[in-house]
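*Asks:* Before we start, here is the structure in question, set down as structure tokens.
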Amino acid sequence: MTESDSAVPYDYDAIVIGSGAGGGPAAFELTKAGRRVAVIEAGGFYTTNDFSRFELLALRNLWWTPRWTSNYEIGLKDEIALGMGRCVGGSTTIFTAVAHRMPDWNYKEWFESTGIRNEEGLPFSREDLEPYYDQVEKDTSVRQYTEWDEGLKKINQGFTKLGHPFHSVNAYINKNCDQSGCLFGCPTEAKRGTLVSYIVPAVLLGAEVIHNSTVTKILFSSASGEKTKAEGVEYINDMGEAKRLRSRTIILAAGALNDPFLLWDSGIDEASGSSPSSKQIGRNFGVNTATIVFGRFDDVLNNWVLHPLSGQMEDFAQKEKGGFLLEASEVMEGPLSFAEFIVDEEGLPLWGERQKEILRAYKHYAGVFVNIHDENDGRVLRDRETLQQKFHKPITNKDKERISKARELCREAFNEAGAKSTLDSIYASHHVQGTCRMGQDPSKSVVDLNCESHDISGLYVVDGSILPSVIDANPSLTIMALSLRAAKHLKSLPRA
Amino acid sequence: MGNEYYFLSEKERHFFEALCEAIVPEGEDSAKDPGALTVGGLSYIDSSLCDMTPERQKYFRQSIYSVDVLSNSFFSKNFYDLDPIQRNQVLKELYLNPKTREQMFDLRSIVLEAFYSDFHVPNYTGMTAWQYVDFGGKRISDVKKDWTFLRIWKGQDDRE
């Protein structure tokens, strides 16, 4: 340690936990502003040359093992598989990069949920987020994705006959996309997720990425009469060693499924004096419950060679109009994932000869991805006896009604398009949201407008968990915009 | 065929043999209609379990126990000793009971992986899953599959 080093009490100006849509933009902006930044990521640091269509290895290396809800514990029978990214870039490395701004009606719902207001005291609105959307779209090369695959063309024929044509999505994918793989990492660097747009540029500017490392505790300090402050983190590195780093700014961006557990394990209940805000952690969990309807055609589609979700149909997205958003085409990009997803007419997972027969026809399938507008009525919690992580997310009668209407419409469209049969999937979610909501009122939220904890000074939460209520668009663009917004606030503060 | 096992006991191997037959069965002509056992899927399951955390290994052993308890309660036999129809009944019940549903999914998953991932043991040269389902195309047909993250493949090279 040099003399000048010893005079520096903190290791970093900011430590970012997680490198996905929430962590990446903030890490880059702060590094660009000359701050010393470390990003601690639970997953591995894989880049373009590592990504291949070897499905099994990609699932092992880039994805969290699916976590299932335990809805049976609250008397319900339907469970949801929660699948998220676990690698540098997080879910933006492996998801489909669909990049739509949040619809206007969602701002109103946000205000109704947590009373969120802007700096002028007005309800938080489109104008408050637009400059950040503009910046993210520029940073990540968002464009309209018009290169439709054969499956989507067929699906669109069916929906057009029903009066509900699909439209090209916006996506953070540049023209280098050769439609050769998406869910297992982009092999052409066309996908401009946080890995490419923010993390690698941040590293080039001096940020440190500590990968394959899991933060086990956020450190707090309190002095008499002062608000409790963030002080650093403890983590287990890739060698299994326990480490500690100090910083007065901690940006928690580990995702809505992970944030609550880390906050509880860090002792936030005690540190906050069991404040009303701390009681909100883990609550208000929403997931945009999703399912896929597959249609089987006579033609060979090989619909795994595509960019999934190139088109969408939002006529029913607003909850008053139906509450479901449709995107296509999606057949999971590999036989293993497809086999995992398909169910029979009763909703039972398939296996045995019936499943093999469907797999033999895999090349004939196209699929419509259904996302519903569900409620923030779920909860993330730890079982008191076993200490296991638990996820409760009811699929309510209203949710089932939405899913049923969406499936019915998809079947009709597939029929119009000439499909010979259809097939449903399990319930899944890739849009986990709302376990540390943003708002003014500490009795309804965990962080404030700047994403800073109501209870702990210097502790920020910036990821899907802060969304006050579920949004009717793929959430990563909105999360990235909120991350840039939080970064602007942080840059305005004096260095610790 | 690889027949070296690193984790599974003989009884557990019998259990997974039966599970492989139920989840991805072999057809009458295994050369044209392979199943999980044809490609050596037991070795995949064994190698995967061997490298899991102790907690996860314990979980899978509990899951095997759950299946056999259910099998015995229905048919007074272990899962391995059931006929195909009875095995399907047990697996369906395992799914329908919310408390064992996740176990059913995880047992099913490891067998699906053992086949639909395109796995095969060293020296097996017959048909594997990707050929069986005709999965191919850009960046797929020529993908380099390095299986050496599995113990059964350590020190061997099958990168096509």
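Convention: chains lettered A, B, ... in structure tokens order; per-chain residue numbering from 1; ligands numbered from 1 as shown.
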Identify, on the basis of only C-alpha atoms, every residue whose closest approach to A:Glu29 does not exceed 9 Å; exclude the query and any residue fewer than 6 positions from it along the same chain; express the result as a PyMOL selection string.
*Replies:* chain A and resi 35+198+202+484+487-488+491
*Asks:* Apply DSSP to the structure's backbone, then extract all residues of stretch 11-71 of chain B labelled helix (DSSP H, G or I) and return them as a ChimeraX atom specification.
*Replies:* /B:11-23,41-50,54-71
*Asks:* Residues of chain A no more than 10 Å from chain B, counting only C-alpha atoms: send them over as an MDAnalysis selection string.
*Replies:* chainID A and resid 52:57 66:73 75:79 81 178:181 187 302 304:306 333:340 348:363
*Asks:* Give me the residues near stretch 64-80 of chain B as a ChimeraX atom specification, where near means some atom within 10 Å (using only C-alpha atoms) and where sequence neighbours in that chain fewer than 5 positions away do not count.
*Replies:* /B:11-19,21,58-59,86-87,89-91,93-94,100,103-104,107
*Asks:* Determine, counting only C-alpha atoms, which protein, DNA and RNA residues have an atom within 10 Å of an atom of A:Asp455; residues of the same chain fewer than 6 positions away are not included. Present the result as a list in words.
*Replies:* Lys227, Thr228, Lys229, Ile268, Asp269, Ala271, Ser272, Gly273, Ser274, Ser275, Pro276, Ser277, Ser278, Pro442, Val446, Val447 and Asp448 of chain A
*Asks:* So, with only C-alpha atoms as the atoms that count, which of A:Val368, A:Ala97, A:Val343, A:Ala230 lies closest to A:Gly267?
*Replies:* A:Ala230
*Asks:* Can you tell me, as a ChimeraX atom specification, what residues are no more than 7 Å from stretch 244-259 of chain A when counting only C-alpha atoms, ignoring any on the same chain fewer than 6 positions away?
*Replies:* /A:10-18,22-23,230-235,432-435,458-465,496
*Asks:* Could you write out the selected residues, including N, CA and C atoms, as a PDB file, in the first residue's frame?
*Replies:*
ATOM      1  N   TYR A  10     -11.668   4.317   1.794  1.00  0.00           N
ATOM      2  CA  TYR A  10     -12.621   3.431   1.113  1.00  0.00           C
ATOM      3  C   TYR A  10     -11.983   2.843  -0.141  1.00  0.00           C
ATOM      4  N   ASP A  11     -12.313   1.585  -0.423  1.00  0.00           N
ATOM      5  CA  ASP A  11     -11.737   0.900  -1.580  1.00  0.00           C
ATOM      6  C   ASP A  11     -12.270   1.466  -2.885  1.00  0.00           C
ATOM      7  N   TYR A  12     -13.548   1.789  -2.883  1.00  0.00           N
ATOM      8  CA  TYR A  12     -14.201   2.267  -4.115  1.00  0.00           C
ATOM      9  C   TYR A  12     -15.160   3.409  -3.783  1.00  0.00           C
ATOM     10  N   ASP A  13     -15.419   4.243  -4.793  1.00  0.00           N
ATOM     11  CA  ASP A  13     -16.464   5.254  -4.630  1.00  0.00           C
ATOM     12  C   ASP A  13     -17.839   4.612  -4.672  1.00  0.00           C
ATOM     13  N   ALA A  14     -17.949   3.549  -5.433  1.00  0.00           N
ATOM     14  CA  ALA A  14     -19.228   2.831  -5.498  1.00  0.00           C
ATOM     15  C   ALA A  14     -18.970   1.358  -5.760  1.00  0.00           C
ATOM     16  N   ILE A  15     -19.746   0.524  -5.100  1.00  0.00           N
ATOM     17  CA  ILE A  15     -19.734  -0.924  -5.375  1.00  0.00           C
ATOM     18  C   ILE A  15     -21.115  -1.288  -5.904  1.00  0.00           C
ATOM     19  N   VAL A  16     -21.117  -1.896  -7.073  1.00  0.00           N
ATOM     20  CA  VAL A  16     -22.369  -2.275  -7.721  1.00  0.00           C
ATOM     21  C   VAL A  16     -22.522  -3.786  -7.619  1.00  0.00           C
ATOM     22  N   ILE A  17     -23.648  -4.230  -7.081  1.00  0.00           N
ATOM     23  CA  ILE A  17     -23.873  -5.670  -6.916  1.00  0.00           C
ATOM     24  C   ILE A  17     -24.812  -6.125  -8.032  1.00  0.00           C
ATOM     25  N   GLY A  18     -24.234  -6.759  -9.050  1.00  0.00           N
ATOM     26  CA  GLY A  18     -25.020  -7.180 -10.219  1.00  0.00           C
ATOM     27  C   GLY A  18     -24.683  -6.324 -11.420  1.00  0.00           C
ATOM     28  N   GLY A  22     -29.944  -3.195 -14.337  1.00  0.00           N
ATOM     29  CA  GLY A  22     -29.857  -2.212 -13.254  1.00  0.00           C
ATOM     30  C   GLY A  22     -28.437  -1.771 -12.965  1.00  0.00           C
ATOM     31  N   GLY A  23     -27.511  -2.718 -12.889  1.00  0.00           N
ATOM     32  CA  GLY A  23     -26.144  -2.397 -12.477  1.00  0.00           C
ATOM     33  C   GLY A  23     -25.287  -1.821 -13.579  1.00  0.00           C
ATOM     34  N   ALA A 230     -24.451   2.990   4.604  1.00  0.00           N
ATOM     35  CA  ALA A 230     -23.796   1.855   3.949  1.00  0.00           C
ATOM     36  C   ALA A 230     -22.286   2.030   4.097  1.00  0.00           C
ATOM     37  N   GLU A 231     -21.595   0.919   4.303  1.00  0.00           N
ATOM     38  CA  GLU A 231     -20.151   0.998   4.560  1.00  0.00           C
ATOM     39  C   GLU A 231     -19.326   0.089   3.664  1.00  0.00           C
ATOM     40  N   GLY A 232     -19.968  -0.871   3.023  1.00  0.00           N
ATOM     41  CA  GLY A 232     -19.194  -1.802   2.204  1.00  0.00           C
ATOM     42  C   GLY A 232     -19.919  -3.120   2.037  1.00  0.00           C
ATOM     43  N   VAL A 233     -19.180  -4.119   1.583  1.00  0.00           N
ATOM     44  CA  VAL A 233     -19.790  -5.438   1.374  1.00  0.00           C
ATOM     45  C   VAL A 233     -18.829  -6.538   1.799  1.00  0.00           C
ATOM     46  N   GLU A 234     -19.386  -7.688   2.101  1.00  0.00           N
ATOM     47  CA  GLU A 234     -18.608  -8.915   2.243  1.00  0.00           C
ATOM     48  C   GLU A 234     -19.039  -9.837   1.120  1.00  0.00           C
ATOM     49  N   TYR A 235     -18.084 -10.561   0.566  1.00  0.00           N
ATOM     50  CA  TYR A 235     -18.444 -11.460  -0.519  1.00  0.00           C
ATOM     51  C   TYR A 235     -17.530 -12.676  -0.533  1.00  0.00           C
ATOM     52  N   VAL A 432     -39.338 -10.475 -13.446  1.00  0.00           N
ATOM     53  CA  VAL A 432     -39.605 -10.363 -12.003  1.00  0.00           C
ATOM     54  C   VAL A 432     -39.446  -8.909 -11.559  1.00  0.00           C
ATOM     55  N   GLN A 433     -40.394  -8.455 -10.781  1.00  0.00           N
ATOM     56  CA  GLN A 433     -40.468  -7.023 -10.446  1.00  0.00           C
ATOM     57  C   GLN A 433     -41.023  -6.820  -9.039  1.00  0.00           C
ATOM     58  N   GLY A 434     -40.634  -5.682  -8.466  1.00  0.00           N
ATOM     59  CA  GLY A 434     -41.429  -5.130  -7.377  1.00  0.00           C
ATOM     60  C   GLY A 434     -41.198  -5.588  -5.965  1.00  0.00           C
ATOM     61  N   THR A 435     -40.049  -6.096  -5.595  1.00  0.00           N
ATOM     62  CA  THR A 435     -39.844  -6.521  -4.211  1.00  0.00           C
ATOM     63  C   THR A 435     -39.157  -5.471  -3.343  1.00  0.00           C
ATOM     64  N   GLY A 458     -26.805   5.985   1.475  1.00  0.00           N
ATOM     65  CA  GLY A 458     -25.773   5.432   0.601  1.00  0.00           C
ATOM     66  C   GLY A 458     -26.098   4.058   0.042  1.00  0.00           C
ATOM     67  N   LEU A 459     -27.212   3.487   0.441  1.00  0.00           N
ATOM     68  CA  LEU A 459     -27.638   2.202  -0.125  1.00  0.00           C
ATOM     69  C   LEU A 459     -28.697   2.459  -1.196  1.00  0.00           C
ATOM     70  N   TYR A 460     -28.377   2.076  -2.407  1.00  0.00           N
ATOM     71  CA  TYR A 460     -29.290   2.268  -3.539  1.00  0.00           C
ATOM     72  C   TYR A 460     -29.742   0.900  -4.055  1.00  0.00           C
ATOM     73  N   VAL A 461     -30.963   0.847  -4.527  1.00  0.00           N
ATOM     74  CA  VAL A 461     -31.442  -0.368  -5.192  1.00  0.00           C
ATOM     75  C   VAL A 461     -31.879   0.056  -6.589  1.00  0.00           C
ATOM     76  N   VAL A 462     -31.304  -0.578  -7.591  1.00  0.00           N
ATOM     77  CA  VAL A 462     -31.603  -0.191  -8.984  1.00  0.00           C
ATOM     78  C   VAL A 462     -31.737  -1.450  -9.837  1.00  0.00           C
ATOM     79  N   ASP A 463     -32.919  -1.966  -9.913  1.00  0.00           N
ATOM     80  CA  ASP A 463     -33.204  -3.095 -10.825  1.00  0.00           C
ATOM     81  C   ASP A 463     -34.715  -3.273 -10.887  1.00  0.00           C
ATOM     82  N   GLY A 464     -35.173  -4.407 -11.404  1.00  0.00           N
ATOM     83  CA  GLY A 464     -36.608  -4.606 -11.555  1.00  0.00           C
ATOM     84  C   GLY A 464     -37.377  -4.556 -10.247  1.00  0.00           C
ATOM     85  N   SER A 465     -36.684  -4.746  -9.145  1.00  0.00           N
ATOM     86  CA  SER A 465     -37.386  -4.770  -7.857  1.00  0.00           C
ATOM     87  C   SER A 465     -37.988  -3.408  -7.498  1.00  0.00           C
ATOM     88  N   ALA A 496     -17.175  10.565  -1.657  1.00  0.00           N
ATOM     89  CA  ALA A 496     -17.007  10.250  -0.235  1.00  0.00           C
ATOM     90  C   ALA A 496     -15.550  10.437   0.147  1.00  0.00           C
TER      91      ALA A 496
END
*Asks:* Let me make sure I understand: among A:Gln318, A:Gln135, A:Gln388, A:Ser266, which one has the smallest atom-to-atom distance to B:Glu55 if we use only C-alpha atoms?
*Replies:* A:Gln388
*Asks:* Using only C-alpha atoms, which residues sit within 9 Å of B:Cys50 once same-chain residues fewer than 4 positions away are excluded, as a PyMOL selection string?
*Replies:* chain B and resi 6-8+45-46+57+151
*Asks:* Would you mind exporting N, CA and C atoms of the selected residues as a short mmCIF file (atom, residue, chain, number, x, y, z; two decimals), in the first residue's frame?
*Replies:*
data_model
loop_
_atom_site.label_atom_id
_atom_site.label_comp_id
_atom_site.auth_asym_id
_atom_site.auth_seq_id
_atom_site.Cartn_x
_atom_site.Cartn_y
_atom_site.Cartn_z
N TYR B 6 -19.52 -42.46 -10.49
CA TYR B 6 -18.78 -41.70 -9.48
C TYR B 6 -19.63 -41.38 -8.25
N PHE B 7 -20.93 -41.49 -8.38
CA PHE B 7 -21.79 -41.02 -7.29
C PHE B 7 -22.91 -42.00 -6.95
N LEU B 8 -23.60 -42.50 -7.95
CA LEU B 8 -24.81 -43.28 -7.71
C LEU B 8 -24.50 -44.66 -7.13
N ILE B 45 -26.31 -38.43 -15.67
CA ILE B 45 -26.95 -38.16 -14.37
C ILE B 45 -25.94 -38.33 -13.24
N ASP B 46 -25.18 -39.40 -13.31
CA ASP B 46 -24.18 -39.69 -12.28
C ASP B 46 -23.13 -38.58 -12.22
N GLN B 57 -27.22 -32.59 -3.70
CA GLN B 57 -27.16 -34.06 -3.73
C GLN B 57 -28.17 -34.66 -2.75
N ARG B 151 -17.62 -35.52 -15.58
CA ARG B 151 -16.54 -36.44 -15.20
C ARG B 151 -16.36 -37.58 -16.20
#
*Asks:* Please determine, counting only C-alpha atoms, which residue among A:Ala242, A:Leu325, A:Val215, A:Val142 has the shortest atom-to-atom distance to A:Ser197.
*Replies:*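 Using only C-alpha atoms, the shortest distance to A:Ser197 belongs to A:Val142.
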*Asks:* By how many Å are atom CA of A:Val203 and atom CA of A:Thr92 apart?
*Replies:*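 Interatomic distance, atom CA of A:Val203 to atom CA of A:Thr92: 17.5 Å.
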